[in-house]
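> As input, take my_file.cif (mmCIF, N, CA and C atoms):
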```cif
data_final
#
loop_
_atom_site.label_atom_id
_atom_site.label_comp_id
_atom_site.auth_asym_id
_atom_site.auth_seq_id
_atom_site.Cartn_x
_atom_site.Cartn_y
_atom_site.Cartn_z
N MET A 4 58.72 134.99 67.68
CA MET A 4 60.09 134.67 67.98
C MET A 4 61.02 135.02 66.81
N LYS A 5 60.55 134.73 65.58
CA LYS A 5 61.36 135.04 64.40
C LYS A 5 61.58 136.54 64.26
N GLN A 6 60.56 137.31 64.61
CA GLN A 6 60.68 138.77 64.51
C GLN A 6 61.73 139.29 65.50
N ILE A 7 61.75 138.74 66.69
CA ILE A 7 62.72 139.17 67.69
C ILE A 7 64.13 138.83 67.23
N LEU A 8 64.31 137.66 66.64
CA LEU A 8 65.62 137.27 66.13
C LEU A 8 66.05 138.18 64.97
N ALA A 9 65.10 138.52 64.10
CA ALA A 9 65.42 139.39 62.97
C ALA A 9 65.82 140.78 63.46
N ILE A 10 65.12 141.29 64.45
CA ILE A 10 65.45 142.61 65.00
C ILE A 10 66.81 142.57 65.69
N ALA A 11 67.07 141.52 66.44
CA ALA A 11 68.36 141.39 67.11
C ALA A 11 69.50 141.29 66.11
N ALA A 12 69.29 140.54 65.03
CA ALA A 12 70.33 140.42 64.00
C ALA A 12 70.59 141.77 63.34
N ALA A 13 69.52 142.55 63.09
CA ALA A 13 69.69 143.86 62.48
C ALA A 13 70.46 144.80 63.40
N VAL A 14 70.14 144.77 64.68
CA VAL A 14 70.82 145.64 65.64
C VAL A 14 72.30 145.26 65.76
N PHE A 15 72.57 143.96 65.82
CA PHE A 15 73.97 143.53 65.93
C PHE A 15 74.77 143.83 64.67
N SER A 16 74.14 143.72 63.50
CA SER A 16 74.87 144.02 62.27
C SER A 16 75.15 145.52 62.16
N LEU A 17 74.22 146.35 62.63
CA LEU A 17 74.48 147.80 62.64
C LEU A 17 75.59 148.14 63.63
N ALA A 18 75.59 147.46 64.75
CA ALA A 18 76.62 147.72 65.75
C ALA A 18 77.99 147.30 65.25
N ALA A 19 78.05 146.24 64.46
CA ALA A 19 79.34 145.79 63.93
C ALA A 19 79.86 146.72 62.87
N ALA A 20 78.97 147.34 62.10
CA ALA A 20 79.40 148.18 60.98
C ALA A 20 79.92 149.53 61.45
N ALA A 21 79.38 150.06 62.51
CA ALA A 21 79.80 151.40 62.95
C ALA A 21 79.95 151.43 64.46
N ASP A 22 81.17 151.59 64.92
CA ASP A 22 81.45 151.70 66.34
C ASP A 22 81.10 153.11 66.79
N PRO A 23 80.25 153.26 67.82
CA PRO A 23 79.86 154.59 68.27
C PRO A 23 81.05 155.45 68.70
N GLY A 24 82.13 154.83 69.13
CA GLY A 24 83.30 155.59 69.53
C GLY A 24 84.00 156.24 68.35
N GLU A 25 83.79 155.70 67.16
CA GLU A 25 84.42 156.26 65.96
C GLU A 25 83.65 157.44 65.40
N ARG A 26 82.38 157.56 65.74
CA ARG A 26 81.53 158.58 65.13
C ARG A 26 81.97 159.99 65.50
N LEU A 27 81.71 160.90 64.56
CA LEU A 27 82.02 162.31 64.80
C LEU A 27 80.97 162.92 65.72
N PRO A 28 81.35 163.85 66.59
CA PRO A 28 80.37 164.43 67.52
C PRO A 28 79.33 165.29 66.80
N ASP A 29 79.70 165.91 65.69
CA ASP A 29 78.76 166.75 64.94
C ASP A 29 77.95 165.86 64.00
N PRO A 30 76.60 165.81 64.17
CA PRO A 30 75.78 164.94 63.31
C PRO A 30 75.86 165.30 61.83
N ALA A 31 76.04 166.57 61.50
CA ALA A 31 76.14 166.96 60.09
C ALA A 31 77.42 166.41 59.47
N GLN A 32 78.52 166.49 60.22
CA GLN A 32 79.78 165.94 59.72
C GLN A 32 79.70 164.42 59.60
N GLU A 33 79.07 163.79 60.56
CA GLU A 33 78.92 162.33 60.51
C GLU A 33 78.07 161.92 59.30
N ALA A 34 77.03 162.70 59.00
CA ALA A 34 76.19 162.40 57.83
C ALA A 34 76.99 162.55 56.54
N ARG A 35 77.85 163.58 56.48
CA ARG A 35 78.71 163.75 55.31
C ARG A 35 79.67 162.57 55.18
N ALA A 36 80.23 162.15 56.30
CA ALA A 36 81.17 161.02 56.29
C ALA A 36 80.46 159.76 55.82
N ARG A 37 79.27 159.51 56.31
CA ARG A 37 78.52 158.31 55.91
C ARG A 37 78.18 158.33 54.44
N ALA A 38 77.88 159.52 53.89
CA ALA A 38 77.61 159.64 52.46
C ALA A 38 78.85 159.29 51.65
N ILE A 39 80.01 159.73 52.12
CA ILE A 39 81.26 159.40 51.43
C ILE A 39 81.56 157.91 51.56
N PHE A 40 81.28 157.34 52.73
CA PHE A 40 81.51 155.90 52.94
C PHE A 40 80.78 155.07 51.88
N ARG A 41 79.56 155.48 51.53
CA ARG A 41 78.77 154.72 50.56
C ARG A 41 79.33 154.82 49.14
N ASP A 42 80.16 155.83 48.88
CA ASP A 42 80.74 156.02 47.55
C ASP A 42 82.13 155.44 47.41
N VAL A 43 82.73 154.99 48.51
CA VAL A 43 84.11 154.50 48.48
C VAL A 43 84.11 152.97 48.59
N ARG A 44 84.86 152.34 47.70
CA ARG A 44 84.94 150.88 47.63
C ARG A 44 85.92 150.36 48.68
N CYS A 45 85.55 149.25 49.30
CA CYS A 45 86.49 148.55 50.17
C CYS A 45 87.48 147.83 49.26
N LEU A 46 88.75 148.10 49.43
CA LEU A 46 89.75 147.52 48.55
C LEU A 46 90.01 146.05 48.85
N VAL A 47 89.54 145.58 49.99
CA VAL A 47 89.68 144.16 50.33
C VAL A 47 88.50 143.39 49.76
N CYS A 48 87.30 143.87 50.03
CA CYS A 48 86.08 143.18 49.58
C CYS A 48 85.81 143.43 48.10
N GLN A 49 86.13 144.59 47.61
CA GLN A 49 86.06 145.04 46.22
C GLN A 49 84.65 145.21 45.68
N ASN A 50 83.64 144.68 46.30
CA ASN A 50 82.30 144.90 45.78
C ASN A 50 81.39 145.46 46.86
N GLU A 51 81.98 145.96 47.93
CA GLU A 51 81.23 146.57 49.02
C GLU A 51 81.79 147.96 49.27
N SER A 52 80.94 148.81 49.78
CA SER A 52 81.43 150.12 50.20
C SER A 52 82.11 149.97 51.56
N ILE A 53 82.89 150.96 51.94
CA ILE A 53 83.54 150.88 53.26
C ILE A 53 82.51 151.02 54.37
N ASP A 54 81.32 151.50 54.03
CA ASP A 54 80.24 151.60 55.01
C ASP A 54 79.72 150.21 55.37
N ASP A 55 79.73 149.29 54.41
CA ASP A 55 79.19 147.94 54.62
C ASP A 55 80.25 146.94 55.05
N SER A 56 81.51 147.24 54.82
CA SER A 56 82.58 146.28 55.04
C SER A 56 83.04 146.26 56.50
N THR A 57 83.47 145.07 56.92
CA THR A 57 84.03 144.92 58.27
C THR A 57 85.54 144.68 58.22
N ALA A 58 86.14 144.84 57.04
CA ALA A 58 87.59 144.63 56.90
C ALA A 58 88.36 145.71 57.64
N ASP A 59 89.56 145.38 58.07
CA ASP A 59 90.39 146.34 58.80
C ASP A 59 90.74 147.56 57.94
N LEU A 60 91.00 147.32 56.66
CA LEU A 60 91.32 148.44 55.77
C LEU A 60 90.13 149.38 55.63
N ALA A 61 88.93 148.84 55.59
CA ALA A 61 87.73 149.67 55.52
C ALA A 61 87.60 150.53 56.77
N ALA A 62 87.91 149.95 57.92
CA ALA A 62 87.87 150.73 59.17
C ALA A 62 88.91 151.85 59.13
N ASP A 63 90.09 151.56 58.58
CA ASP A 63 91.12 152.60 58.46
C ASP A 63 90.68 153.70 57.50
N LEU A 64 90.03 153.32 56.41
CA LEU A 64 89.55 154.33 55.46
C LEU A 64 88.43 155.17 56.07
N ARG A 65 87.55 154.53 56.85
CA ARG A 65 86.50 155.31 57.52
C ARG A 65 87.12 156.32 58.48
N LYS A 66 88.14 155.90 59.22
CA LYS A 66 88.82 156.82 60.15
C LYS A 66 89.48 157.95 59.38
N LEU A 67 90.10 157.63 58.26
CA LEU A 67 90.76 158.64 57.43
C LEU A 67 89.76 159.67 56.92
N VAL A 68 88.61 159.19 56.46
CA VAL A 68 87.57 160.09 55.96
C VAL A 68 87.05 160.98 57.09
N ARG A 69 86.80 160.38 58.24
CA ARG A 69 86.31 161.18 59.38
C ARG A 69 87.33 162.22 59.81
N ASP A 70 88.61 161.85 59.82
CA ASP A 70 89.65 162.82 60.19
C ASP A 70 89.71 163.97 59.19
N ASP A 71 89.59 163.66 57.90
CA ASP A 71 89.61 164.72 56.88
C ASP A 71 88.40 165.64 57.02
N ILE A 72 87.24 165.08 57.29
CA ILE A 72 86.04 165.91 57.45
C ILE A 72 86.16 166.76 58.71
N LYS A 73 86.70 166.17 59.77
CA LYS A 73 86.90 166.92 61.01
C LYS A 73 87.87 168.08 60.78
N SER A 74 88.85 167.87 59.86
CA SER A 74 89.84 168.91 59.56
C SER A 74 89.27 170.02 58.67
N GLY A 75 88.06 169.83 58.18
CA GLY A 75 87.42 170.88 57.38
C GLY A 75 87.51 170.69 55.88
N HIS A 76 87.97 169.52 55.43
CA HIS A 76 88.03 169.28 53.99
C HIS A 76 86.63 169.05 53.42
N SER A 77 86.45 169.43 52.16
CA SER A 77 85.16 169.21 51.50
C SER A 77 85.07 167.75 51.04
N ASP A 78 83.87 167.35 50.65
CA ASP A 78 83.67 165.98 50.18
C ASP A 78 84.54 165.71 48.95
N ALA A 79 84.59 166.68 48.06
CA ALA A 79 85.39 166.52 46.83
C ALA A 79 86.87 166.39 47.16
N GLU A 80 87.34 167.13 48.14
CA GLU A 80 88.76 167.03 48.53
C GLU A 80 89.07 165.67 49.15
N VAL A 81 88.15 165.17 49.95
CA VAL A 81 88.35 163.85 50.57
C VAL A 81 88.42 162.77 49.50
N LYS A 82 87.48 162.81 48.54
CA LYS A 82 87.48 161.82 47.47
C LYS A 82 88.72 161.96 46.59
N ALA A 83 89.12 163.20 46.32
CA ALA A 83 90.31 163.43 45.49
C ALA A 83 91.55 162.86 46.18
N TYR A 84 91.63 163.02 47.49
CA TYR A 84 92.77 162.46 48.23
C TYR A 84 92.78 160.93 48.13
N LEU A 85 91.61 160.31 48.31
CA LEU A 85 91.53 158.85 48.23
C LEU A 85 91.89 158.36 46.83
N VAL A 86 91.45 159.08 45.80
CA VAL A 86 91.77 158.69 44.42
C VAL A 86 93.27 158.85 44.17
N SER A 87 93.86 159.93 44.69
CA SER A 87 95.29 160.12 44.47
C SER A 87 96.12 159.05 45.18
N ARG A 88 95.60 158.55 46.28
CA ARG A 88 96.33 157.56 47.06
C ARG A 88 96.10 156.13 46.56
N TYR A 89 94.84 155.80 46.19
CA TYR A 89 94.49 154.43 45.84
C TYR A 89 94.09 154.24 44.39
N GLY A 90 93.97 155.30 43.63
CA GLY A 90 93.54 155.19 42.24
C GLY A 90 92.03 155.32 42.14
N GLU A 91 91.56 155.46 40.92
CA GLU A 91 90.13 155.69 40.69
C GLU A 91 89.28 154.47 41.03
N PHE A 92 89.92 153.32 41.16
CA PHE A 92 89.21 152.09 41.52
C PHE A 92 88.55 152.19 42.89
N VAL A 93 89.05 153.08 43.74
CA VAL A 93 88.52 153.20 45.10
C VAL A 93 87.09 153.76 45.10
N LEU A 94 86.68 154.42 44.02
CA LEU A 94 85.33 154.97 43.94
C LEU A 94 84.38 153.93 43.35
N LEU A 95 83.24 153.73 44.00
CA LEU A 95 82.26 152.81 43.45
C LEU A 95 81.63 153.37 42.18
N LYS A 96 81.53 154.70 42.08
CA LYS A 96 81.00 155.36 40.88
C LYS A 96 82.08 156.33 40.39
N PRO A 97 83.00 155.87 39.53
CA PRO A 97 84.08 156.74 39.09
C PRO A 97 83.55 157.91 38.26
N ALA A 98 84.30 159.00 38.28
CA ALA A 98 83.92 160.18 37.53
C ALA A 98 84.02 159.91 36.04
N PHE A 99 83.20 160.61 35.27
CA PHE A 99 83.24 160.44 33.82
C PHE A 99 84.52 161.07 33.29
N SER A 100 85.25 160.32 32.49
CA SER A 100 86.46 160.84 31.86
C SER A 100 86.60 160.18 30.50
N LEU A 101 87.48 160.72 29.70
CA LEU A 101 87.70 160.16 28.37
C LEU A 101 88.22 158.73 28.47
N ALA A 102 89.11 158.49 29.42
CA ALA A 102 89.66 157.14 29.58
C ALA A 102 88.56 156.14 29.95
N ASN A 103 87.64 156.53 30.82
CA ASN A 103 86.54 155.64 31.18
C ASN A 103 85.60 155.43 30.01
N ALA A 104 85.36 156.49 29.24
CA ALA A 104 84.48 156.36 28.08
C ALA A 104 85.08 155.39 27.06
N VAL A 105 86.38 155.48 26.84
CA VAL A 105 87.05 154.56 25.92
C VAL A 105 86.98 153.14 26.46
N LEU A 106 87.20 152.98 27.75
CA LEU A 106 87.17 151.66 28.37
C LEU A 106 85.79 151.01 28.21
N TRP A 107 84.74 151.77 28.45
CA TRP A 107 83.39 151.23 28.34
C TRP A 107 82.91 151.13 26.90
N GLY A 108 83.39 152.02 26.04
CA GLY A 108 82.92 152.04 24.66
C GLY A 108 83.68 151.13 23.72
N ALA A 109 84.88 150.71 24.10
CA ALA A 109 85.71 149.89 23.21
C ALA A 109 85.03 148.58 22.78
N PRO A 110 84.40 147.84 23.67
CA PRO A 110 83.75 146.60 23.20
C PRO A 110 82.66 146.86 22.17
N PHE A 111 81.90 147.94 22.35
CA PHE A 111 80.85 148.26 21.39
C PHE A 111 81.47 148.69 20.06
N GLY A 112 82.59 149.41 20.11
CA GLY A 112 83.28 149.81 18.89
C GLY A 112 83.82 148.61 18.13
N VAL A 113 84.39 147.66 18.85
CA VAL A 113 84.91 146.45 18.21
C VAL A 113 83.77 145.66 17.58
N MET A 114 82.64 145.56 18.29
CA MET A 114 81.48 144.85 17.73
C MET A 114 80.96 145.56 16.48
N ALA A 115 80.88 146.88 16.50
CA ALA A 115 80.42 147.63 15.34
C ALA A 115 81.38 147.45 14.16
N LEU A 116 82.68 147.48 14.43
CA LEU A 116 83.67 147.27 13.38
C LEU A 116 83.54 145.87 12.77
N GLY A 117 83.39 144.87 13.60
CA GLY A 117 83.22 143.51 13.12
C GLY A 117 81.95 143.35 12.29
N PHE A 118 80.86 143.96 12.75
CA PHE A 118 79.60 143.89 12.01
C PHE A 118 79.74 144.61 10.67
N GLY A 119 80.43 145.75 10.67
CA GLY A 119 80.65 146.49 9.42
C GLY A 119 81.47 145.68 8.43
N LEU A 120 82.52 145.02 8.92
CA LEU A 120 83.33 144.17 8.04
C LEU A 120 82.53 142.98 7.52
N PHE A 121 81.67 142.45 8.35
CA PHE A 121 80.80 141.35 7.93
C PHE A 121 79.88 141.80 6.81
N LEU A 122 79.24 142.97 6.98
CA LEU A 122 78.36 143.49 5.93
C LEU A 122 79.13 143.80 4.66
N LEU A 123 80.35 144.30 4.81
CA LEU A 123 81.17 144.61 3.64
C LEU A 123 81.49 143.36 2.83
N THR A 124 81.77 142.26 3.52
CA THR A 124 82.07 141.02 2.79
C THR A 124 80.82 140.45 2.14
N LEU A 125 79.65 140.68 2.71
CA LEU A 125 78.41 140.21 2.09
C LEU A 125 78.08 141.01 0.84
N ARG A 126 78.37 142.28 0.84
CA ARG A 126 78.03 143.15 -0.28
C ARG A 126 79.03 143.06 -1.42
N ARG A 127 80.22 142.60 -1.14
CA ARG A 127 81.27 142.55 -2.16
C ARG A 127 80.83 141.57 -3.26
N PRO A 128 80.86 142.01 -4.51
CA PRO A 128 80.47 141.10 -5.59
C PRO A 128 81.49 139.97 -5.74
N SER A 129 80.97 138.83 -6.10
CA SER A 129 81.87 137.70 -6.28
C SER A 129 82.71 137.92 -7.53
N VAL A 130 83.93 137.52 -7.47
CA VAL A 130 84.87 137.71 -8.57
C VAL A 130 84.82 136.47 -9.45
N GLU A 131 84.53 136.70 -10.73
CA GLU A 131 84.51 135.59 -11.68
C GLU A 131 85.85 135.54 -12.39
N MET A 132 86.31 134.35 -12.57
CA MET A 132 87.58 134.17 -13.27
C MET A 132 87.32 134.16 -14.76
N VAL A 133 87.96 135.06 -15.45
CA VAL A 133 87.87 135.10 -16.89
C VAL A 133 89.24 134.74 -17.45
N LEU A 134 89.28 133.69 -18.27
CA LEU A 134 90.53 133.22 -18.82
C LEU A 134 90.75 133.84 -20.21
N THR A 135 91.98 134.08 -20.48
CA THR A 135 92.31 134.54 -21.82
C THR A 135 92.19 133.36 -22.79
N VAL A 136 92.27 133.63 -24.07
CA VAL A 136 92.15 132.59 -25.08
C VAL A 136 93.30 131.59 -24.93
N ASP A 137 94.51 132.10 -24.69
CA ASP A 137 95.66 131.21 -24.52
C ASP A 137 95.49 130.31 -23.30
N GLU A 138 94.99 130.88 -22.21
CA GLU A 138 94.82 130.10 -20.99
C GLU A 138 93.75 129.02 -21.16
N SER A 139 92.66 129.36 -21.85
CA SER A 139 91.60 128.36 -22.06
C SER A 139 92.07 127.23 -22.96
N GLU A 140 92.88 127.53 -23.99
CA GLU A 140 93.41 126.48 -24.87
C GLU A 140 94.37 125.58 -24.09
N ARG A 141 95.19 126.18 -23.24
CA ARG A 141 96.14 125.41 -22.44
C ARG A 141 95.39 124.50 -21.47
N LEU A 142 94.32 125.04 -20.86
CA LEU A 142 93.51 124.24 -19.94
C LEU A 142 92.89 123.04 -20.66
N LYS A 143 92.40 123.26 -21.90
CA LYS A 143 91.83 122.16 -22.68
C LYS A 143 92.87 121.08 -22.95
N ARG A 144 94.07 121.53 -23.31
CA ARG A 144 95.13 120.57 -23.60
C ARG A 144 95.50 119.77 -22.35
N LEU A 145 95.58 120.47 -21.19
CA LEU A 145 95.94 119.77 -19.94
C LEU A 145 94.87 118.76 -19.54
N SER A 146 93.62 119.13 -19.73
CA SER A 146 92.54 118.21 -19.37
C SER A 146 92.50 117.02 -20.32
N GLN A 147 92.83 117.25 -21.61
CA GLN A 147 92.85 116.12 -22.57
C GLN A 147 94.03 115.19 -22.27
N ASP A 148 95.18 115.79 -21.88
CA ASP A 148 96.35 114.97 -21.57
C ASP A 148 96.09 114.08 -20.34
N GLN A 149 95.38 114.60 -19.39
CA GLN A 149 95.10 113.82 -18.17
C GLN A 149 94.06 112.74 -18.44
N GLY A 150 93.20 113.00 -19.42
CA GLY A 150 92.15 112.02 -19.76
C GLY A 150 92.71 110.82 -20.48
N GLN A 151 93.86 110.91 -21.07
CA GLN A 151 94.43 109.80 -21.85
C GLN A 151 95.15 108.82 -21.01
#
```
Mind converting the file's structure to structure tokens?


Amino acid sequence: MKQILAIAAAVFSLAAAADPGERLPDPAQEARARAIFRDVRCLVCQNESIDDSTADLAADLRKLVRDDIKSGHSDAEVKAYLVSRYGEFVLLKPAFSLANAVLWGAPFGVMALGFGLFLLTLRRPSVEMVLTVDESERLKRLSQDQGQ
């Protein structure tokens, strides 16, 4: 009985994720669209691809991707259009760029800088105070005056 329920739940969840009426008639184009769906973030759910999301915006994005593929656009052109419209956040795996490298590397750089400053303060020799003869005599006089 549990197996039948598990199979029914799997079938219903697949049916909810992809409406057969939305699918492209060409299986190769549909496969390309599904591959793009897995790389595009649902802007409502933010941690799911539009392939997994049931949000209305995800359905609109799936339709947009299918229309672009049907029009003959390449995968790169479809993703470039989505990035130009929604920003690089729309991609689950953003392209490598200098800005992304700085964003990901900055915490490690700050940690390295802090560790370097820490080591520098440990290595710095302690400064000893050396008093001149006049200063030492004055200090003796001040300490004697306070002792009286």

> To one decimal place in Å, what is the distance between atom CA of A:Asp78 and atom CA of A:Ala36?

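Between atom CA of A:Asp78 and atom CA of A:Ala36 the gap is 8.3 Å.
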
> Could you write out, as a count of residues only, all the residues of chain A that DSSP marks as helix (DSSP H, G or I)?

100

> Between atom N of A:Ala79 and atom CA of A:Arg35, what is the spacing in Å?

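For atom CA of A:Arg35 relative to atom N of A:Ala79, the distance reads 9.8 Å.
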
> Mind checking which residues fall within 5 Å of stretch 93-107 of chain A, counting only N, CA and C atoms, ignoring those fewer than 4 positions away in the same chain, and posting them as a PyMOL selection string?

chain A and resi 42-44

> Just want the 8 Å neighbourhood of A:Ile53, counted on all atoms listed in the file, with same-chain residues fewer than 6 positions away dropped. Output as a ChimeraX atom specification.

/A:20,39-46,60-62,64-65

> Report the distance between atom C of A:Phe92 and atom CA of A:Gln32 in Å, rounded to one decimal place.

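Atom-to-atom, atom C of A:Phe92 to atom CA of A:Gln32, that is 23.4 Å.
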
> Compare A:Leu125, A:Ala58, A:Leu85, A:Leu27 by their minimum atom-to-atom distance to A:Lys73, counting all atoms listed in the file, and give me the closest one.

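Closest candidate: A:Leu27.
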